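Novice: Structure file query00.cif (mmCIF, C-alpha atoms and all ligand atoms) right here:
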```cif
data_upload
#
loop_
_atom_site.label_atom_id
_atom_site.label_comp_id
_atom_site.auth_asym_id
_atom_site.auth_seq_id
_atom_site.Cartn_x
_atom_site.Cartn_y
_atom_site.Cartn_z
CA MET A 83 12.67 -27.94 108.93
CA GLN A 84 14.59 -28.61 105.76
CA ILE A 85 13.22 -32.15 105.57
CA LYS A 86 9.71 -30.91 106.13
CA ILE A 87 10.08 -28.39 103.32
CA GLU A 88 11.43 -31.04 100.94
CA GLU A 89 8.44 -33.26 101.76
CA LEU A 90 6.02 -30.40 101.12
CA LYS A 91 7.72 -29.63 97.82
CA LYS A 92 7.34 -33.25 96.77
CA SER A 93 3.70 -33.57 97.79
CA PHE A 94 2.99 -30.21 96.04
CA ALA A 95 4.63 -31.46 92.83
CA ASP A 96 2.55 -34.66 92.95
CA ALA A 97 -0.69 -32.76 93.53
CA LEU A 98 0.20 -30.28 90.78
CA ALA A 99 0.69 -33.06 88.27
CA LEU A 100 -2.91 -34.14 88.90
CA ALA A 101 -4.44 -30.67 88.88
CA GLY A 102 -6.19 -30.50 85.51
CA SER A 103 -8.31 -27.39 85.94
CA ALA A 104 -8.11 -23.78 87.07
CA GLU A 105 -10.23 -24.70 90.11
CA ALA A 106 -7.82 -27.46 91.14
CA LEU A 107 -4.91 -25.04 90.81
CA GLU A 108 -6.66 -22.45 92.94
CA ALA A 109 -7.37 -25.06 95.61
CA LEU A 110 -3.70 -26.02 95.58
CA ARG A 111 -2.67 -22.39 95.89
CA VAL A 112 -4.92 -21.92 98.90
CA GLU A 113 -3.63 -25.16 100.44
CA TYR A 114 -0.03 -23.96 100.24
CA LEU A 115 -0.08 -20.18 100.13
CA GLY A 116 -3.39 -19.34 101.80
CA LYS A 117 -3.69 -17.72 105.22
CA LYS A 118 -4.00 -21.12 106.83
CA GLY A 119 -1.86 -22.89 104.27
CA HIS A 120 1.34 -24.85 104.67
CA VAL A 121 3.68 -21.91 104.12
CA ALA A 122 1.90 -19.78 106.71
CA GLY A 123 1.88 -22.80 109.06
CA LEU A 124 5.62 -23.24 108.75
CA MET A 125 6.22 -19.55 109.37
CA SER A 126 4.13 -19.63 112.51
CA GLN A 127 6.32 -22.40 113.92
CA LEU A 128 9.42 -20.21 113.85
CA ARG A 129 10.08 -18.93 117.33
CA PHE A 130 13.56 -17.42 117.39
CA ALA A 131 15.22 -14.73 115.34
CA GLU A 132 17.95 -17.10 114.04
CA ASP A 133 15.33 -19.63 112.96
CA LYS A 134 13.51 -16.92 111.13
CA LYS A 135 16.64 -15.92 109.27
CA VAL A 136 17.76 -19.38 108.08
CA ALA A 137 14.53 -21.33 107.96
CA GLY A 138 12.60 -18.26 106.80
CA GLN A 139 14.73 -18.22 103.65
CA LEU A 140 13.96 -21.90 103.06
CA ILE A 141 10.25 -21.32 103.57
CA ASN A 142 10.38 -18.34 101.22
CA GLY A 143 12.10 -20.59 98.70
CA LEU A 144 9.18 -23.01 98.97
CA LYS A 145 6.75 -20.12 98.59
CA THR A 146 8.49 -18.81 95.46
CA TYR A 147 8.63 -22.31 94.01
CA VAL A 148 4.91 -22.95 94.63
CA GLU A 149 3.95 -19.54 93.20
CA GLY A 150 6.07 -20.07 90.09
CA GLU A 151 4.79 -23.58 89.45
CA ILE A 152 1.15 -22.57 89.89
CA GLU A 153 1.70 -19.67 87.49
CA ARG A 154 3.35 -21.95 84.91
CA ALA A 155 0.66 -24.63 85.21
CA GLY A 156 -2.05 -21.96 84.86
CA GLU A 157 -0.44 -20.72 81.61
CA GLU A 158 -0.29 -24.24 80.27
CA LEU A 159 -3.95 -24.85 81.05
CA ARG A 160 -5.01 -21.61 79.35
CA ALA A 161 -2.97 -22.42 76.23
CA ALA A 162 -4.46 -25.94 76.07
CA ALA A 163 -7.98 -24.53 76.41
CA ILE A 164 -7.41 -22.11 73.52
CA ALA A 165 -5.95 -24.87 71.34
CA ALA A 166 -8.97 -27.09 72.06
CA LYS A 167 -11.34 -24.26 71.19
CA VAL A 168 -9.57 -23.64 67.87
CA ARG A 169 -9.61 -27.34 67.08
CA SER A 170 -13.33 -27.70 67.72
CA ALA A 171 -14.34 -24.40 66.10
CA LYS A 172 -16.09 -24.59 62.72
CA LYS A 173 -13.57 -23.88 60.03
CA TYR A 174 -14.21 -20.75 57.99
CA ASN A 175 -15.24 -21.68 54.49
CA PRO A 176 -15.58 -18.76 52.08
CA THR A 177 -17.60 -20.83 49.59
CA LEU A 178 -20.38 -21.66 52.03
CA ARG A 179 -23.62 -19.78 51.57
CA PHE A 180 -25.63 -18.41 54.46
CA PRO A 181 -27.63 -21.37 55.69
CA GLU A 182 -30.85 -19.37 56.17
CA GLU A 183 -31.14 -18.61 52.46
CA HIS A 184 -31.70 -21.30 49.86
CA GLY A 185 -30.93 -20.56 46.25
CA SER A 186 -32.87 -21.90 43.31
CA TYR A 187 -31.85 -23.42 40.01
CA HIS A 188 -31.71 -21.20 36.98
CA PRO A 189 -34.47 -22.22 34.54
CA ILE A 190 -31.84 -22.90 31.86
CA THR A 191 -30.12 -25.36 34.20
CA LEU A 192 -33.41 -27.12 34.84
CA ALA A 193 -34.24 -27.32 31.13
CA THR A 194 -30.73 -28.59 30.31
CA ARG A 195 -30.93 -31.35 32.89
CA GLU A 196 -34.31 -32.46 31.68
CA VAL A 197 -33.23 -32.72 28.05
CA GLU A 198 -30.01 -34.43 29.08
CA GLU A 199 -31.93 -37.08 30.98
CA VAL A 200 -34.07 -37.87 27.96
CA PHE A 201 -31.05 -38.28 25.72
CA ILE A 202 -29.08 -40.26 28.27
CA SER A 203 -31.94 -42.74 28.36
CA MET A 204 -31.58 -43.06 24.57
CA GLY A 205 -27.88 -43.87 24.78
CA PHE A 206 -26.37 -40.42 24.12
CA THR A 207 -23.30 -39.14 25.93
CA ILE A 208 -23.02 -35.56 27.17
CA GLU A 209 -20.07 -33.51 26.01
CA ASN A 210 -18.67 -30.25 27.23
CA TYR A 211 -17.03 -27.80 24.88
CA ASP A 212 -15.24 -24.46 24.88
CA GLU A 213 -16.93 -21.08 24.58
CA ILE A 214 -13.92 -19.60 22.80
CA VAL A 215 -13.15 -21.36 19.53
CA ASP A 216 -11.34 -20.67 16.28
CA ASP A 217 -12.78 -19.79 12.90
CA TYR A 218 -12.18 -23.30 11.61
CA LYS A 219 -14.32 -24.99 14.30
CA CYS A 220 -17.10 -22.42 14.21
CA PHE A 221 -17.37 -22.07 10.45
CA GLU A 222 -14.95 -23.74 8.07
CA ALA A 223 -15.27 -27.27 9.45
CA LEU A 224 -19.02 -26.78 9.08
CA ASN A 225 -18.89 -26.15 5.37
CA ILE A 226 -19.02 -22.36 5.84
CA PRO A 227 -15.88 -21.07 4.09
CA LYS A 228 -14.65 -17.51 4.46
CA HIS A 229 -16.92 -14.99 2.71
CA HIS A 230 -19.85 -17.43 2.71
CA PRO A 231 -23.07 -15.39 3.07
CA ALA A 232 -24.22 -17.70 5.91
CA ARG A 233 -21.66 -15.94 8.09
CA ASP A 234 -23.75 -12.77 7.97
CA MET A 235 -26.33 -14.44 10.19
CA GLN A 236 -23.78 -15.18 12.87
CA ASP A 237 -21.71 -12.12 13.66
CA THR A 238 -19.96 -12.53 16.96
CA TYR A 239 -17.29 -11.10 19.25
CA TYR A 240 -13.70 -11.54 18.15
CA LEU A 241 -10.62 -11.71 20.32
CA ASP A 242 -7.36 -10.00 19.44
CA ASN A 243 -5.76 -13.37 18.72
CA GLY A 244 -8.33 -14.17 16.02
CA GLN A 245 -10.37 -16.54 18.14
CA LEU A 246 -14.05 -15.86 18.69
CA LEU A 247 -16.95 -16.51 21.04
CA LYS A 248 -18.80 -19.43 19.50
CA THR A 249 -22.01 -18.51 17.73
CA HIS A 250 -23.55 -21.97 17.93
CA THR A 251 -22.96 -25.30 19.60
CA SER A 252 -22.36 -26.76 16.13
CA ALA A 253 -18.81 -25.47 16.66
CA ALA A 254 -18.17 -28.65 18.68
CA GLN A 255 -19.25 -31.06 15.92
CA ASN A 256 -15.83 -31.41 14.32
CA TYR A 257 -14.07 -31.90 17.66
CA ILE A 258 -16.52 -34.58 18.79
CA MET A 259 -16.40 -36.46 15.49
CA LYS A 260 -12.62 -36.53 15.68
CA LYS A 261 -12.69 -37.52 19.34
CA TYR A 262 -15.05 -40.50 19.02
CA GLY A 263 -15.28 -41.41 15.33
CA ALA A 264 -18.35 -43.34 14.15
CA PRO A 265 -20.74 -44.65 15.32
CA LEU A 266 -21.56 -41.94 17.86
CA ARG A 267 -24.46 -40.44 19.76
CA ALA A 268 -23.70 -37.27 21.67
CA ILE A 269 -25.36 -34.12 22.90
CA PHE A 270 -23.48 -30.99 23.87
CA PRO A 271 -25.17 -28.07 25.58
CA GLY A 272 -23.40 -24.73 25.68
CA ARG A 273 -23.48 -20.98 25.87
CA CYS A 274 -23.45 -19.16 22.53
CA PHE A 275 -22.92 -15.55 21.56
CA ARG A 276 -24.05 -13.31 18.72
CA ASN A 277 -23.43 -9.69 18.07
CA GLU A 278 -26.99 -8.57 17.64
CA SER A 279 -29.46 -6.17 19.18
CA THR A 280 -31.70 -7.60 21.82
CA ASP A 281 -35.46 -7.69 22.14
CA ALA A 282 -38.04 -9.96 23.80
CA CYS A 283 -36.90 -12.94 21.73
CA HIS A 284 -33.24 -12.15 20.90
CA GLU A 285 -30.25 -12.09 23.21
CA ASN A 286 -26.54 -11.73 22.53
CA THR A 287 -25.83 -14.57 24.98
CA PHE A 288 -28.00 -17.67 24.97
CA PHE A 289 -27.90 -21.44 25.25
CA GLN A 290 -28.23 -24.17 22.68
CA LEU A 291 -28.09 -27.90 22.99
CA GLU A 292 -26.64 -29.64 19.99
CA GLY A 293 -26.96 -33.31 19.24
CA MET A 294 -25.48 -35.68 16.71
CA MET A 295 -26.13 -39.27 15.85
CA ILE A 296 -23.87 -40.96 13.34
CA ASP A 297 -24.20 -44.60 12.39
CA GLU A 298 -24.93 -46.87 9.44
CA ASN A 299 -28.30 -46.29 7.75
CA ILE A 300 -29.34 -43.17 9.65
CA SER A 301 -32.20 -41.41 7.91
CA ILE A 302 -34.61 -38.51 8.38
CA SER A 303 -37.06 -40.85 10.13
CA ASN A 304 -34.50 -41.38 12.91
CA LEU A 305 -34.17 -37.64 13.21
CA ILE A 306 -37.93 -37.10 13.48
CA TYR A 307 -38.32 -39.92 15.97
CA PHE A 308 -35.67 -38.53 18.33
CA MET A 309 -36.95 -34.97 18.11
CA LYS A 310 -40.55 -35.99 18.83
CA THR A 311 -39.55 -38.20 21.75
CA MET A 312 -37.43 -35.47 23.28
CA LEU A 313 -40.12 -32.79 23.00
CA SER A 314 -42.95 -34.90 24.38
CA GLU A 315 -40.74 -35.97 27.32
CA VAL A 316 -39.70 -32.42 28.10
CA PHE A 317 -43.18 -30.90 27.86
CA HIS A 318 -44.87 -33.98 29.36
CA ARG A 319 -47.50 -33.91 26.62
CA ASP A 320 -47.87 -33.89 22.87
CA VAL A 321 -46.63 -30.56 21.52
CA LYS A 322 -47.66 -29.20 18.17
CA VAL A 323 -44.63 -29.09 15.87
CA ARG A 324 -44.06 -28.35 12.23
CA LEU A 325 -41.13 -29.18 10.04
CA ARG A 326 -40.23 -26.93 7.14
CA PRO A 327 -37.20 -26.76 4.90
CA GLY A 328 -34.36 -24.63 6.23
CA PHE A 329 -30.92 -23.88 4.89
CA PHE A 330 -27.79 -24.50 6.91
CA PRO A 331 -24.53 -25.19 5.05
CA PHE A 332 -23.65 -28.08 7.36
CA VAL A 333 -26.77 -30.17 6.74
CA GLU A 334 -28.40 -31.51 3.60
CA PRO A 335 -31.37 -31.62 3.66
CA GLY A 336 -31.91 -29.10 6.46
CA PHE A 337 -35.07 -28.32 8.39
CA GLU A 338 -36.56 -25.87 10.78
CA LEU A 339 -38.51 -27.56 13.50
CA ASP A 340 -40.97 -25.09 15.01
CA ILE A 341 -43.21 -25.57 18.00
CA SER A 342 -46.49 -23.84 18.54
CA CYS A 343 -45.97 -20.86 20.86
CA GLU A 344 -46.93 -21.95 24.35
CA ILE A 345 -47.12 -18.39 25.62
CA CYS A 346 -49.96 -17.20 23.38
CA GLY A 347 -51.34 -20.64 22.51
CA GLY A 348 -50.44 -20.08 18.85
CA GLU A 349 -52.33 -16.82 18.46
CA GLY A 350 -49.31 -14.56 18.04
CA CYS A 351 -47.40 -12.47 20.58
CA PRO A 352 -44.08 -10.55 20.83
CA SER A 353 -42.27 -13.73 21.94
CA CYS A 354 -43.09 -15.48 18.67
CA LYS A 355 -42.97 -12.39 16.49
CA ASN A 356 -46.75 -12.69 16.15
CA SER A 357 -46.48 -15.83 14.05
CA GLY A 358 -47.81 -18.31 16.61
CA TRP A 359 -44.74 -20.49 15.97
CA LEU A 360 -41.29 -20.50 17.48
CA GLU A 361 -38.18 -21.81 15.76
CA LEU A 362 -36.97 -24.29 18.33
CA CYS A 363 -34.81 -26.92 16.78
CA PRO A 364 -33.15 -26.54 13.40
CA CYS A 365 -31.86 -29.89 12.25
CA GLY A 366 -30.91 -31.99 9.26
CA MET A 367 -28.80 -34.74 7.82
CA ILE A 368 -25.13 -33.95 8.33
CA HIS A 369 -23.51 -32.75 5.11
CA PRO A 370 -20.93 -35.22 3.71
CA ASN A 371 -18.31 -32.44 3.65
CA VAL A 372 -18.76 -31.99 7.39
CA LEU A 373 -18.54 -35.73 8.04
CA ARG A 374 -15.39 -35.99 5.93
CA GLU A 375 -13.84 -33.03 7.71
CA GLY A 376 -14.48 -34.88 10.98
CA GLY A 377 -12.73 -37.98 9.65
CA ILE A 378 -15.91 -40.04 9.17
CA ASP A 379 -16.17 -42.52 6.29
CA THR A 380 -19.15 -41.20 4.28
CA GLU A 381 -19.43 -44.42 2.27
CA LYS A 382 -20.35 -46.28 5.40
CA TYR A 383 -21.88 -43.73 7.75
CA SER A 384 -24.48 -41.01 7.74
CA GLY A 385 -25.97 -38.98 10.55
CA PHE A 386 -28.31 -36.30 11.73
CA ALA A 387 -27.66 -33.22 13.82
CA PHE A 388 -29.87 -30.75 15.59
CA GLY A 389 -29.33 -27.47 17.40
CA LEU A 390 -32.00 -27.13 20.05
CA GLY A 391 -32.58 -23.56 21.24
CA LEU A 392 -32.28 -24.29 24.92
CA THR A 393 -33.09 -20.75 26.00
CA ARG A 394 -36.18 -20.78 23.77
CA LEU A 395 -37.18 -24.12 25.19
CA ALA A 396 -36.92 -22.76 28.74
CA MET A 397 -39.08 -19.78 27.70
CA MET A 398 -41.77 -22.08 26.40
CA LYS A 399 -41.57 -24.56 29.24
CA TYR A 400 -41.71 -21.98 32.02
CA GLY A 401 -43.72 -19.27 30.27
CA VAL A 402 -40.92 -16.68 30.37
CA LYS A 403 -42.08 -13.87 28.08
CA ASP A 404 -38.86 -11.94 27.72
CA ILE A 405 -35.62 -13.74 26.88
CA ARG A 406 -33.64 -10.95 28.57
CA ASP A 407 -34.94 -12.08 31.98
CA PHE A 408 -32.55 -15.04 31.89
CA ASN A 409 -29.39 -12.96 32.00
CA SER A 410 -30.87 -10.14 34.05
CA GLY A 411 -29.62 -11.37 37.40
CA ASN A 412 -33.04 -10.31 38.66
CA LEU A 413 -33.66 -12.66 41.56
CA LYS A 414 -37.36 -11.82 41.70
CA ALA A 415 -37.74 -13.31 38.26
CA LEU A 416 -35.22 -16.12 38.59
CA SER A 417 -35.65 -17.45 42.11
CA GLN A 418 -39.16 -18.78 41.59
CA PHE A 419 -37.98 -22.05 40.11
CA GLU A 420 -37.08 -25.31 41.84
CA SER A 421 -35.04 -24.57 44.93
CA ILE A 422 -31.72 -26.20 45.63
N1 LIG B 1 -26.08 -24.05 14.43
C1 LIG B 1 -27.31 -23.55 13.85
C2 LIG B 1 -27.58 -22.14 14.35
O1 LIG B 1 -27.26 -21.84 15.45
C3 LIG B 1 -28.45 -24.45 14.20
C4 LIG B 1 -28.40 -25.81 13.59
C5 LIG B 1 -29.02 -26.04 12.39
C6 LIG B 1 -27.74 -26.84 14.22
C7 LIG B 1 -29.04 -27.28 11.82
C8 LIG B 1 -27.73 -28.11 13.65
C9 LIG B 1 -28.39 -28.31 12.46
O2 LIG B 1 -27.12 -29.14 14.22
O3 LIG B 1 -28.39 -29.55 11.95
O4 LIG B 1 -28.17 -21.39 13.64
#
```
So, in terms of structure tokens, how does the structure I just supplied come out?
Specialist:
Amino acid sequence: MQIKIEELKKSFADALALAGSAEALEALRVEYLGKKGHVAGLMSQLRFAEDKKVAGQLINGLKTYVEGEIERAGEELRAAAIAAKVRSAKKYNPTLRFPEEHGSYHPITLATREVEEVFISMGFTIENYDEIVDDYKCFEALNIPKHHPARDMQDTYYLDNGQLLKTHTSAAQNYIMKKYGAPLRAIFPGRCFRNESTDACHENTFFQLEGMMIDENISISNLIYFMKTMLSEVFHRDVKVRLRPGFFPFVEPGFELDISCEICGGEGCPSCKNSGWLELCPCGMIHPNVLREGGIDTEKYSGFAFGLGLTRLAMMKYGVKDIRDFNSGNLKALSQFESI
């Protein structure tokens, strides 16, 4: 009997090692512990009381062993199944959007990319710059000393540490001149801030795209050429523009480049303050003081700069009548542009 039990134990252990599923385990349990299984078979062979006492203990030992092993193997299988499920499950990613809903690009993003492409094709690099700057970068390096009346036009938000939210992208001019030296061609889009009351064509937070080209023999004709090319590429047709003198301390001479209001066709509307024209791109030849402050040799180099009103451009390009729509977070207004 003892030998028989040892053999059964061994053949059970071999079969168990091969049982890779809950079904296989159940079959094994039935084979050994079922009504007609091996254990029951052994018990039925016991005829005498003494046999039952001694051999019965051995058979019970086999029964306990088989039960325990099947239990253990079952646990192992369940744990492996859970681990496999976890491994194959999609990982939670908090930055993923719901797949059913597609967002759309903000019109300012679309306008920025379009202007960037035009300038990249003309050899300009794209620069990124801070939104918080110091007084020197925003004003003094641009030939606007303290108490200069030009500061009145650009009131902004000041931080406790004396820094401020930049009022124009020109605040990056000095940094970029010092970073690259001459010759250079760069554009730098950015968010700007002004402390002013808002209406259909004024916002306290808006975008500009500044550009600078510094090289030998740069003149106003270079400036006009680049501005015209950029505008006709962005609007995909000839746009009516006018150039008139404008004063900015950091350029000499300085100009206002206006485009005919696309919203009213030049007839006058709230978006263009009823003038039919919209100031779009002030520009000029960079003042020698500004070049010198940026470490540029003014004997050898000259340059032009422009500050394109990117938000204004997006208004014209997409027919947005109220500048406040851009920052409204109103998806009805903003989700009608190119989808992502
Ligand atoms: N920074 C000026 C403003 O926001 C705009 C400007 C004027 C930029 C002339 C220029 C420039 O680069 O040449 O009012």
Novice: Taking a cut-off of 8 Å and counting only C-alpha atoms and all ligand atoms, can you build a table that, for each residue of chain A near ligand LIG 1 (chain B), reports the nearest atom pair and how far apart they are in Å (one decimal), sorted by chain then residue number, as JSON lines?
Specialist:
```
{"residue": "A:Met235", "atom": "CA", "partner": "B:LIG1", "partner_atom": "O4", "distance": 8.0}
{"residue": "A:Gln236", "atom": "CA", "partner": "B:LIG1", "partner_atom": "O4", "distance": 7.6}
{"residue": "A:Thr249", "atom": "CA", "partner": "B:LIG1", "partner_atom": "O1", "distance": 6.6}
{"residue": "A:His250", "atom": "CA", "partner": "B:LIG1", "partner_atom": "O1", "distance": 4.5}
{"residue": "A:Thr251", "atom": "CA", "partner": "B:LIG1", "partner_atom": "N1", "distance": 6.2}
{"residue": "A:Ser252", "atom": "CA", "partner": "B:LIG1", "partner_atom": "N1", "distance": 4.9}
{"residue": "A:Ala253", "atom": "CA", "partner": "B:LIG1", "partner_atom": "N1", "distance": 7.7}
{"residue": "A:Gln290", "atom": "CA", "partner": "B:LIG1", "partner_atom": "O1", "distance": 7.7}
{"residue": "A:Glu292", "atom": "CA", "partner": "B:LIG1", "partner_atom": "O2", "distance": 5.8}
{"residue": "A:Gly293", "atom": "CA", "partner": "B:LIG1", "partner_atom": "O2", "distance": 6.5}
{"residue": "A:Met294", "atom": "CA", "partner": "B:LIG1", "partner_atom": "O2", "distance": 7.2}
{"residue": "A:Phe329", "atom": "CA", "partner": "B:LIG1", "partner_atom": "C7", "distance": 7.9}
{"residue": "A:Phe330", "atom": "CA", "partner": "B:LIG1", "partner_atom": "C7", "distance": 5.8}
{"residue": "A:Phe332", "atom": "CA", "partner": "B:LIG1", "partner_atom": "O3", "distance": 6.8}
{"residue": "A:Val333", "atom": "CA", "partner": "B:LIG1", "partner_atom": "O3", "distance": 5.5}
{"residue": "A:Gly336", "atom": "CA", "partner": "B:LIG1", "partner_atom": "C7", "distance": 6.3}
{"residue": "A:Phe337", "atom": "CA", "partner": "B:LIG1", "partner_atom": "C7", "distance": 7.0}
{"residue": "A:Glu338", "atom": "CA", "partner": "B:LIG1", "partner_atom": "C5", "distance": 7.7}
{"residue": "A:Cys363", "atom": "CA", "partner": "B:LIG1", "partner_atom": "C4", "distance": 7.2}
{"residue": "A:Pro364", "atom": "CA", "partner": "B:LIG1", "partner_atom": "C5", "distance": 4.3}
{"residue": "A:Cys365", "atom": "CA", "partner": "B:LIG1", "partner_atom": "O3", "distance": 3.5}
{"residue": "A:Gly366", "atom": "CA", "partner": "B:LIG1", "partner_atom": "O3", "distance": 4.4}
{"residue": "A:Met367", "atom": "CA", "partner": "B:LIG1", "partner_atom": "O3", "distance": 6.6}
{"residue": "A:Ile368", "atom": "CA", "partner": "B:LIG1", "partner_atom": "O3", "distance": 6.6}
{"residue": "A:Phe386", "atom": "CA", "partner": "B:LIG1", "partner_atom": "O3", "distance": 6.8}
{"residue": "A:Ala387", "atom": "CA", "partner": "B:LIG1", "partner_atom": "O2", "distance": 4.1}
{"residue": "A:Phe388", "atom": "CA", "partner": "B:LIG1", "partner_atom": "O2", "distance": 3.5}
{"residue": "A:Gly389", "atom": "CA", "partner": "B:LIG1", "partner_atom": "C6", "distance": 3.6}
{"residue": "A:Leu390", "atom": "CA", "partner": "B:LIG1", "partner_atom": "C6", "distance": 7.2}
```
Novice: Just how far from atom CA of Ile306 of chain A is atom CA of Tyr257 of chain A, in Å to one decimal?
Specialist: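 Interatomic distance, atom CA of Tyr257 of chain A to atom CA of Ile306 of chain A: 24.8 Å.
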Novice: Using all atoms listed in the file, find the one residue out of A:Lys248, A:His318, A:Lys414, A:Lys145 that sits nearest to Gly119 of chain A.
Specialist: A:Lys145
Novice: Segment 221-330 of chain A near segment 183-199 of chain A within 12 Å: what's each residue's closest atom pair and its distance in Å to one decimal, counting only C-alpha atoms, ordered by chain then ascending residue number, as CSV?
Specialist:
```
residue,atom,partner,partner_atom,distance
A:Ala268,CA,A:Glu198,CA,10.1
A:Ile269,CA,A:Glu198,CA,7.7
A:Phe270,CA,A:Glu198,CA,9.0
A:Pro271,CA,A:Thr194,CA,7.3
A:Gly272,CA,A:Thr194,CA,9.5
A:Arg273,CA,A:Ile190,CA,10.5
A:Phe288,CA,A:Ile190,CA,9.5
A:Phe289,CA,A:Ile190,CA,7.8
A:Gln290,CA,A:Thr194,CA,9.2
A:Leu291,CA,A:Thr194,CA,7.8
A:Glu292,CA,A:Glu198,CA,10.8
A:Gly293,CA,A:Glu198,CA,10.4
A:Phe308,CA,A:Val197,CA,11.6
A:Met309,CA,A:Val197,CA,10.8
A:Thr311,CA,A:Val197,CA,10.5
A:Met312,CA,A:Val197,CA,6.9
A:Leu313,CA,A:Val197,CA,8.5
A:Ser314,CA,A:Val197,CA,10.6
A:Glu315,CA,A:Val197,CA,8.2
A:Val316,CA,A:Glu196,CA,6.5
A:Phe317,CA,A:Glu196,CA,9.8
A:His318,CA,A:Glu196,CA,10.9
```
Novice: Given the choices A:Met295, A:Leu98, A:Ala254, A:Ala122, which gets closest to Thr207 of chain A if the distance is worked out from all atoms listed in the file?
Specialist: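 Nearest candidate to Thr207 of chain A out of A:Met295, A:Leu98, A:Ala254, A:Ala122: A:Met295.
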Novice: For Gly376 of chain A, which of A:Gln245, A:Thr177, A:Gln127, A:Gln255 is the closest residue, counting all atoms listed in the file?
Specialist: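 Between A:Gln245, A:Thr177, A:Gln127, A:Gln255, the residue approaching Gly376 of chain A most closely is A:Gln255.
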Novice: Using only C-alpha atoms, can you tell me which of A:Thr380, A:Ser353, A:Ser342, A:Asn371 comes closest to Met397 of chain A?
Specialist: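 Closest to Met397 of chain A of all the choices is A:Ser353.
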Novice: Using Å and a single decimal, report how far atom CA of Ala165 of chain A sits from atom CA of Tyr114 of chain A.
Specialist: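 Computed distance, atom CA of Tyr114 of chain A to atom CA of Ala165 of chain A, equals 29.5 Å.
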Novice: Quick one, how far is atom CA of Leu140 of chain A from atom CA of Ile85 of chain A?
Specialist: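 Computed distance, atom CA of Leu140 of chain A to atom CA of Ile85 of chain A, equals 10.6 Å.
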Novice: Identify, on the basis of all atoms listed in the file, every residue whose closest approach to Lys403 of chain A does not exceed 10 Å; exclude the query and any residue fewer than 2 positions from it along the same chain; express the result as a tab-separated table (two decimals) with C-alpha atoms, in the frame of the given file.
Specialist:
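Once written, part03.tsv looks like this:
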```tsv
chain	number	residue	atom	x	y	z
A	282	ALA	CA	-38.04	-9.96	23.80
A	283	CYS	CA	-36.90	-12.94	21.73
A	345	ILE	CA	-47.12	-18.39	25.62
A	346	CYS	CA	-49.96	-17.20	23.38
A	351	CYS	CA	-47.40	-12.47	20.58
A	352	PRO	CA	-44.08	-10.55	20.83
A	353	SER	CA	-42.27	-13.73	21.94
A	354	CYS	CA	-43.09	-15.48	18.67
A	397	MET	CA	-39.08	-19.78	27.70
A	398	MET	CA	-41.77	-22.08	26.40
A	400	TYR	CA	-41.71	-21.98	32.02
A	401	GLY	CA	-43.72	-19.27	30.27
A	405	ILE	CA	-35.62	-13.74	26.88
A	406	ARG	CA	-33.64	-10.95	28.57
A	407	ASP	CA	-34.94	-12.08	31.98
```
Novice: Name the closest residue to Glu278 of chain A among the candidates A:Glu375, A:His120, A:Tyr239, A:Ala109; distances are taken between atoms, counting all atoms listed in the file.
Specialist: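 Looking only at the distances to Glu278 of chain A, the closest residue turns out to be A:Tyr239.
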Novice: Check the smallest atom-to-atom distance from each of A:Cys274, A:Leu362, A:Gly102, A:Gln84 to Asn142 of chain A using only C-alpha atoms, then report the winner.
Specialist: A:Gln84
